[in-house]
file final06.cif (mmCIF, C-alpha atoms, pLDDT in the B column; chains and numbers go by the auth columns)
data_upload
loop_
_atom_site.group_PDB
_atom_site.id
_atom_site.type_symbol
_atom_site.label_atom_id
_atom_site.label_comp_id
_atom_site.label_asym_id
_atom_site.label_seq_id
_atom_site.Cartn_x
_atom_site.Cartn_y
_atom_site.Cartn_z
_atom_site.B_iso_or_equiv
_atom_site.auth_seq_id
_atom_site.auth_asym_id
ATOM 1 C CA MET A 1 108.875 104.723 116.618 95.00 4 A
ATOM 2 C CA ASP A 2 109.882 105.483 113.043 95.00 5 A
ATOM 3 C CA GLN A 3 107.540 102.776 111.740 96.00 6 A
ATOM 4 C CA ALA A 4 104.695 104.121 113.879 97.00 7 A
ATOM 5 C CA ILE A 5 105.178 107.612 112.420 97.00 8 A
ATOM 6 C CA GLU A 6 105.351 106.174 108.906 97.00 9 A
ATOM 7 C CA ASP A 7 102.097 104.234 109.439 98.00 10 A
ATOM 8 C CA PHE A 8 100.332 107.229 111.015 98.00 11 A
ATOM 9 C CA ILE A 9 101.249 109.555 108.119 98.00 12 A
ATOM 10 C CA ARG A 10 100.028 106.966 105.607 97.00 13 A
ATOM 11 C CA LYS A 11 96.698 106.512 107.430 97.00 14 A
ATOM 12 C CA LYS A 12 96.008 110.179 108.228 97.00 15 A
ATOM 13 C CA TYR A 13 97.357 111.884 105.100 97.00 16 A
ATOM 14 C CA ASN A 14 97.417 109.068 102.496 97.00 17 A
ATOM 15 C CA LEU A 15 101.127 109.789 102.131 97.00 18 A
ATOM 16 C CA MET A 16 103.773 107.127 101.909 98.00 19 A
ATOM 17 C CA ILE A 17 107.102 108.192 103.370 97.00 20 A
ATOM 18 C CA GLY A 18 110.348 106.353 103.916 95.00 21 A
ATOM 19 C CA THR A 19 112.155 105.418 107.090 94.00 22 A
ATOM 20 C CA GLN A 20 114.601 108.302 106.808 95.00 23 A
ATOM 21 C CA THR A 21 111.748 110.795 106.499 96.00 24 A
ATOM 22 C CA SER A 22 109.938 109.357 109.509 96.00 25 A
ATOM 23 C CA GLU A 23 113.177 109.500 111.517 94.00 26 A
ATOM 24 C CA ASP A 24 113.661 113.140 110.466 95.00 27 A
ATOM 25 C CA ILE A 25 110.118 113.911 111.647 96.00 28 A
ATOM 26 C CA LYS A 26 110.792 112.220 114.990 95.00 29 A
ATOM 27 C CA ILE A 27 114.075 114.068 115.505 93.00 30 A
ATOM 28 C CA LYS A 28 112.947 117.506 114.336 95.00 31 A
ATOM 29 C CA ILE A 29 109.411 117.768 115.746 96.00 32 A
ATOM 30 C CA GLY A 30 108.736 114.523 117.628 96.00 33 A
ATOM 31 C CA SER A 31 107.265 114.792 121.109 97.00 34 A
ATOM 32 C CA ALA A 32 106.035 112.424 123.805 96.00 35 A
ATOM 33 C CA VAL A 33 103.440 114.915 125.030 96.00 36 A
ATOM 34 C CA SER A 34 101.384 117.688 123.460 96.00 37 A
ATOM 35 C CA LEU A 35 103.261 120.973 123.216 95.00 38 A
ATOM 36 C CA LYS A 36 101.832 124.387 124.027 95.00 39 A
ATOM 37 C CA LYS A 37 102.768 125.504 120.529 95.00 40 A
ATOM 38 C CA ASP A 38 102.802 122.927 117.735 95.00 41 A
ATOM 39 C CA ILE A 39 105.983 122.605 115.700 96.00 42 A
ATOM 40 C CA LYS A 40 105.510 121.913 111.994 97.00 43 A
ATOM 41 C CA ILE A 41 107.639 120.362 109.278 97.00 44 A
ATOM 42 C CA GLU A 42 107.102 120.015 105.559 97.00 45 A
ATOM 43 C CA VAL A 43 107.175 116.385 104.444 97.00 46 A
ATOM 44 C CA SER A 44 107.255 114.935 100.956 97.00 47 A
ATOM 45 C CA GLY A 45 106.284 111.474 99.819 97.00 48 A
ATOM 46 C CA SER A 46 104.028 109.580 97.440 97.00 49 A
ATOM 47 C CA ASN A 47 100.264 109.866 97.639 96.00 50 A
ATOM 48 C CA SER A 48 99.078 106.328 98.418 94.00 51 A
ATOM 49 C CA VAL A 49 95.966 106.772 96.266 94.00 52 A
ATOM 50 C CA SER A 50 97.285 108.532 93.163 95.00 53 A
ATOM 51 C CA GLY A 51 100.940 107.478 93.444 93.00 54 A
ATOM 52 C CA LEU A 52 101.981 111.053 92.669 96.00 55 A
ATOM 53 C CA PRO A 53 104.520 113.043 94.695 97.00 56 A
ATOM 54 C CA GLU A 54 102.960 115.249 97.351 97.00 57 A
ATOM 55 C CA THR A 55 104.071 117.585 100.129 97.00 58 A
ATOM 56 C CA ILE A 56 102.176 118.095 103.389 97.00 59 A
ATOM 57 C CA MET A 57 102.691 119.804 106.743 97.00 60 A
ATOM 58 C CA VAL A 58 103.104 117.455 109.709 98.00 61 A
ATOM 59 C CA THR A 59 102.798 118.738 113.275 97.00 62 A
ATOM 60 C CA SER A 60 104.341 117.697 116.570 97.00 63 A
ATOM 61 C CA GLN A 61 100.831 116.679 117.668 97.00 64 A
ATOM 62 C CA ASP A 62 100.847 114.153 114.817 98.00 65 A
ATOM 63 C CA THR A 63 103.935 112.556 116.390 97.00 66 A
ATOM 64 C CA VAL A 64 102.276 112.497 119.826 97.00 67 A
ATOM 65 C CA ASP A 65 99.302 110.671 118.294 98.00 68 A
ATOM 66 C CA ALA A 66 101.519 108.368 116.212 98.00 69 A
ATOM 67 C CA LEU A 67 103.708 107.339 119.156 97.00 70 A
ATOM 68 C CA LYS A 68 100.958 106.835 121.737 97.00 71 A
ATOM 69 C CA SER A 69 101.021 103.032 121.484 96.00 72 A
ATOM 70 C CA GLU A 70 104.825 102.764 121.545 96.00 73 A
ATOM 71 C CA LEU A 71 105.079 105.120 124.514 97.00 74 A
ATOM 72 C CA THR A 72 102.418 103.134 126.371 96.00 75 A
ATOM 73 C CA GLU A 73 104.556 100.003 125.901 96.00 76 A
ATOM 74 C CA ILE A 74 107.628 101.822 127.234 94.00 77 A
ATOM 75 C CA ILE A 75 105.672 103.163 130.212 95.00 78 A
ATOM 76 C CA ASN A 76 104.312 99.704 131.026 95.00 79 A
ATOM 77 C CA ALA A 77 107.799 98.173 130.818 93.00 80 A
ATOM 78 C CA VAL A 78 109.203 100.836 133.153 91.00 81 A
ATOM 79 C CA LYS A 79 106.362 100.226 135.613 92.00 82 A
ATOM 80 C CA VAL A 80 107.001 96.465 135.587 91.00 83 A
ATOM 81 C CA VAL A 81 110.702 97.004 136.284 90.00 84 A
ATOM 82 C CA LEU A 82 109.932 99.426 139.113 89.00 85 A
ATOM 83 C CA GLN A 83 107.404 96.987 140.612 89.00 86 A
ATOM 84 C CA LYS A 84 109.979 94.175 140.564 89.00 87 A
ATOM 85 C CA THR A 85 112.771 96.331 141.995 87.00 88 A
ATOM 86 C CA PRO A 86 113.934 95.241 145.464 88.00 89 A
ATOM 87 C CA PRO A 87 112.960 97.766 148.194 85.00 90 A
ATOM 88 C CA GLU A 88 116.550 98.849 148.976 84.00 91 A
ATOM 89 C CA LEU A 89 117.199 99.609 145.308 86.00 92 A
ATOM 90 C CA ALA A 90 113.767 101.218 144.892 85.00 93 A
ATOM 91 C CA SER A 91 114.607 103.798 147.551 87.00 94 A
ATOM 92 C CA ASP A 92 117.775 104.717 145.618 88.00 95 A
ATOM 93 C CA VAL A 93 115.746 105.043 142.416 89.00 96 A
ATOM 94 C CA ILE A 94 113.237 107.326 144.136 88.00 97 A
ATOM 95 C CA ASP A 95 116.049 109.447 145.654 89.00 98 A
ATOM 96 C CA LYS A 96 118.295 109.648 142.599 91.00 99 A
ATOM 97 C CA GLY A 97 115.761 109.185 139.823 92.00 100 A
ATOM 98 C CA ILE A 98 115.939 107.464 136.458 92.00 101 A
ATOM 99 C CA VAL A 99 118.469 108.432 133.802 91.00 102 A
ATOM 100 C CA LEU A 100 117.285 107.863 130.241 92.00 103 A
ATOM 101 C CA SER A 101 119.725 106.939 127.501 89.00 104 A
ATOM 102 C CA GLY A 102 119.691 105.793 123.892 85.00 105 A
ATOM 103 C CA GLY A 103 118.014 107.220 120.833 84.00 106 A
ATOM 104 C CA GLY A 104 114.487 107.019 122.256 87.00 107 A
ATOM 105 C CA SER A 105 115.496 109.280 125.134 89.00 108 A
ATOM 106 C CA GLN A 106 115.985 112.069 122.623 90.00 109 A
ATOM 107 C CA LEU A 107 112.235 112.290 122.025 94.00 110 A
ATOM 108 C CA ARG A 108 111.074 115.699 123.241 95.00 111 A
ATOM 109 C CA SER A 109 109.549 115.561 126.770 95.00 112 A
ATOM 110 C CA ILE A 110 109.820 111.791 127.236 96.00 113 A
ATOM 111 C CA ASP A 111 111.512 112.461 130.581 95.00 114 A
ATOM 112 C CA LYS A 112 108.568 114.617 131.693 96.00 115 A
ATOM 113 C CA LEU A 113 106.082 111.949 130.599 96.00 116 A
ATOM 114 C CA LEU A 114 107.896 109.191 132.520 96.00 117 A
ATOM 115 C CA THR A 115 108.199 111.388 135.612 95.00 118 A
ATOM 116 C CA LYS A 116 104.466 112.092 135.476 95.00 119 A
ATOM 117 C CA VAL A 117 103.352 108.464 135.092 94.00 120 A
ATOM 118 C CA THR A 118 105.845 106.869 137.510 92.00 121 A
ATOM 119 C CA GLY A 119 106.229 109.588 140.116 92.00 122 A
ATOM 120 C CA VAL A 120 109.995 109.073 139.864 93.00 123 A
ATOM 121 C CA PRO A 121 112.205 111.949 138.675 94.00 124 A
ATOM 122 C CA CYS A 122 113.583 111.233 135.195 94.00 125 A
ATOM 123 C CA GLN A 123 116.281 112.990 133.226 93.00 126 A
ATOM 124 C CA VAL A 124 118.056 112.419 129.930 92.00 127 A
ATOM 125 C CA SER A 125 121.732 111.521 130.124 89.00 128 A
ATOM 126 C CA GLU A 126 124.179 114.122 128.822 87.00 129 A
ATOM 127 C CA ASP A 127 125.681 111.591 126.441 85.00 130 A
ATOM 128 C CA ALA A 128 122.479 109.629 125.790 82.00 131 A
ATOM 129 C CA LEU A 129 123.400 108.274 122.377 81.00 132 A
ATOM 130 C CA LEU A 130 126.750 106.841 123.513 86.00 133 A
ATOM 131 C CA CYS A 131 125.763 105.445 126.932 85.00 134 A
ATOM 132 C CA ALA A 132 125.157 101.876 125.766 80.00 135 A
ATOM 133 C CA ALA A 133 128.443 101.747 123.863 86.00 136 A
ATOM 134 C CA LYS A 134 130.364 103.218 126.804 85.00 137 A
ATOM 135 C CA GLY A 135 128.672 100.831 129.234 81.00 138 A
ATOM 136 C CA THR A 136 129.540 97.872 127.034 84.00 139 A
ATOM 137 C CA GLY A 137 133.154 99.047 126.938 87.00 140 A
ATOM 138 C CA ILE A 138 133.256 99.300 130.739 85.00 141 A
ATOM 139 C CA ALA A 139 131.701 95.831 131.055 80.00 142 A
ATOM 140 C CA VAL A 140 134.314 94.367 128.703 85.00 143 A
ATOM 141 C CA GLU A 141 137.158 96.087 130.594 89.00 144 A
ATOM 142 C CA ASN A 142 135.788 94.608 133.848 85.00 145 A
ATOM 143 C CA LEU A 143 134.486 91.332 132.450 83.00 146 A
ATOM 144 C CA ASP A 144 135.197 89.233 135.579 83.00 147 A
ATOM 145 C CA THR A 145 133.289 91.613 137.844 81.00 148 A
ATOM 146 C CA TYR A 146 130.480 91.957 135.296 73.00 149 A
ATOM 147 C CA LEU A 147 130.064 88.181 134.968 77.00 150 A
ATOM 148 C CA LYS A 148 129.994 87.731 138.747 74.00 151 A
ATOM 149 C CA SER A 149 127.280 90.372 139.106 70.00 152 A
ATOM 150 C CA ALA A 150 125.322 88.940 136.187 65.00 153 A
ATOM 151 C CA LEU A 151 125.392 85.492 137.782 63.00 154 A
ATOM 152 C CA TRP A 152 124.335 87.001 141.122 56.00 155 A
ATOM 153 C CA ILE A 153 121.338 88.679 139.466 55.00 156 A
ATOM 154 C CA LYS A 154 120.196 85.359 137.904 52.00 157 A
ATOM 155 C CA SER A 155 120.186 83.514 141.236 48.00 158 A
#
call {"tool": "encode", "arguments": {"input": "final06.cif", "output": "structure tokens"}}
result
Amino acid sequence: MDQAIEDFIRKKYNLMIGTQTSEDIKIKIGSAVSLKKDIKIEVSGSNSVSGLPETIMVTSQDTVDALKSELTEIINAVKVVLQKTPPELASDVIDKGIVLSGGGSQLRSIDKLLTKVTGVPCQVSEDALLCAAKGTGIAVENLDTYLKSALWIKS
């Protein structure tokens, strides 16, 4: 996502920004869907034509446009998983919904976008950034059970 924002800013504004700047844009004003009221942030970088430092205003709509391709890939992956989900598990997913975790789940309104395109309720986990680490810790603590279930899934 950061690279997509970086590329979009370079193409639209002729401004070269770094990874940290693109991450700041994503965190501060990034959105998966258009907002009723655009949020803006001032961004500095190097003009790709003149090479001189420059400052521009970037909007949340810019991030929506920049992330369209990446979000389409995520949506398609979610749809594939849902299509391959066994019926008994699918009914649980429909009843209980999808819980989003990780850094990407922090993107403004990504839960609303996924709910809209899948028809399945989605919500962001309370502790989204630590879920993977906590899950790994639980798997390690229960390694025998985890390995048995992993082997069952493969068969």
call {"tool": "residues_around", "arguments": {"input": "final06.cif", "residues": "range 56-70 of chain A", "least_positions_apart": "3", "cutoff": "8 Å", "atoms": "all atoms listed in the file", "output": "PyMOL selection string"}}
result
chain A and resi 4+7-8+10-11+18+28-29+32-38+41-50+73-74
call {"tool": "write_last_selection", "arguments": {"input": "final06.cif", "atoms": "C-alpha atoms", "output": "short mmCIF file (atom, residue, chain, number, x, y, z; two decimals), in the frame of the given file"}}
result
data_model
loop_
_atom_site.label_atom_id
_atom_site.label_comp_id
_atom_site.auth_asym_id
_atom_site.auth_seq_id
_atom_site.Cartn_x
_atom_site.Cartn_y
_atom_site.Cartn_z
CA MET A 4 108.88 104.72 116.62
CA ALA A 7 104.70 104.12 113.88
CA ILE A 8 105.18 107.61 112.42
CA ASP A 10 102.10 104.23 109.44
CA PHE A 11 100.33 107.23 111.02
CA LEU A 18 101.13 109.79 102.13
CA ILE A 28 110.12 113.91 111.65
CA LYS A 29 110.79 112.22 114.99
CA ILE A 32 109.41 117.77 115.75
CA GLY A 33 108.74 114.52 117.63
CA SER A 34 107.26 114.79 121.11
CA ALA A 35 106.04 112.42 123.80
CA VAL A 36 103.44 114.92 125.03
CA SER A 37 101.38 117.69 123.46
CA LEU A 38 103.26 120.97 123.22
CA ASP A 41 102.80 122.93 117.74
CA ILE A 42 105.98 122.60 115.70
CA LYS A 43 105.51 121.91 111.99
CA ILE A 44 107.64 120.36 109.28
CA GLU A 45 107.10 120.02 105.56
CA VAL A 46 107.18 116.38 104.44
CA SER A 47 107.26 114.94 100.96
CA GLY A 48 106.28 111.47 99.82
CA SER A 49 104.03 109.58 97.44
CA ASN A 50 100.26 109.87 97.64
CA GLU A 73 104.82 102.76 121.54
CA LEU A 74 105.08 105.12 124.51
#
call {"tool": "closest_residue", "arguments": {"input": "final06.cif", "among": "A:Asn17, A:Lys99, A:Asn79, A:Val127", "to": "Ser112 in chain A", "atoms": "all atoms listed in the file"}}
result
A:Val127
call {"tool": "resolve_selection", "arguments": {"input": "final06.cif", "expression": "the PyMOL selection byres ((chain A and resi 83-85) around 12)", "output": "ChimeraX atom specification"}}
result
/A:76-82,86-97,100-101,117,120-123
call {"tool": "atom_distance", "arguments": {"input": "final06.cif", "atom1": "CA of Tyr149 in chain A", "atom2": "CA of Glu129 in chain A"}}
result
23.9 Å
call {"tool": "residues_around", "arguments": {"input": "final06.cif", "residues": "Leu132 in chain A", "least_positions_apart": "2", "cutoff": "12 Å", "atoms": "all atoms listed in the file", "output": "PyMOL selection string"}}
result
chain A and resi 103-110+127-130+134-138
call {"tool": "atom_distance", "arguments": {"input": "final06.cif", "atom1": "CA of Lys71 in chain A", "atom2": "CA of Ile113 in chain A"}}
result
11.5 Å
call {"tool": "atom_distance", "arguments": {"input": "final06.cif", "atom1": "CA of Thr118 in chain A", "atom2": "CA of Asp98 in chain A"}}
result
12.9 Å
call {"tool": "closest_residue", "arguments": {"input": "final06.cif", "among": "A:Glu26, A:Leu116, A:Ala131, A:Lys39", "to": "Thr75 in chain A", "atoms": "all atoms listed in the file"}}
result
A:Leu116
call {"tool": "axis_aligned_box", "arguments": {"input": "final06.cif", "around": "range 76-93 of chain A", "padding_each_side": "3 Å", "output": "AutoDock Vina command-line options"}}
result
--center_x 110.8 --center_y 98.7 --center_z 137.4 --size_x 18.9 --size_y 15.0 --size_z 29.1
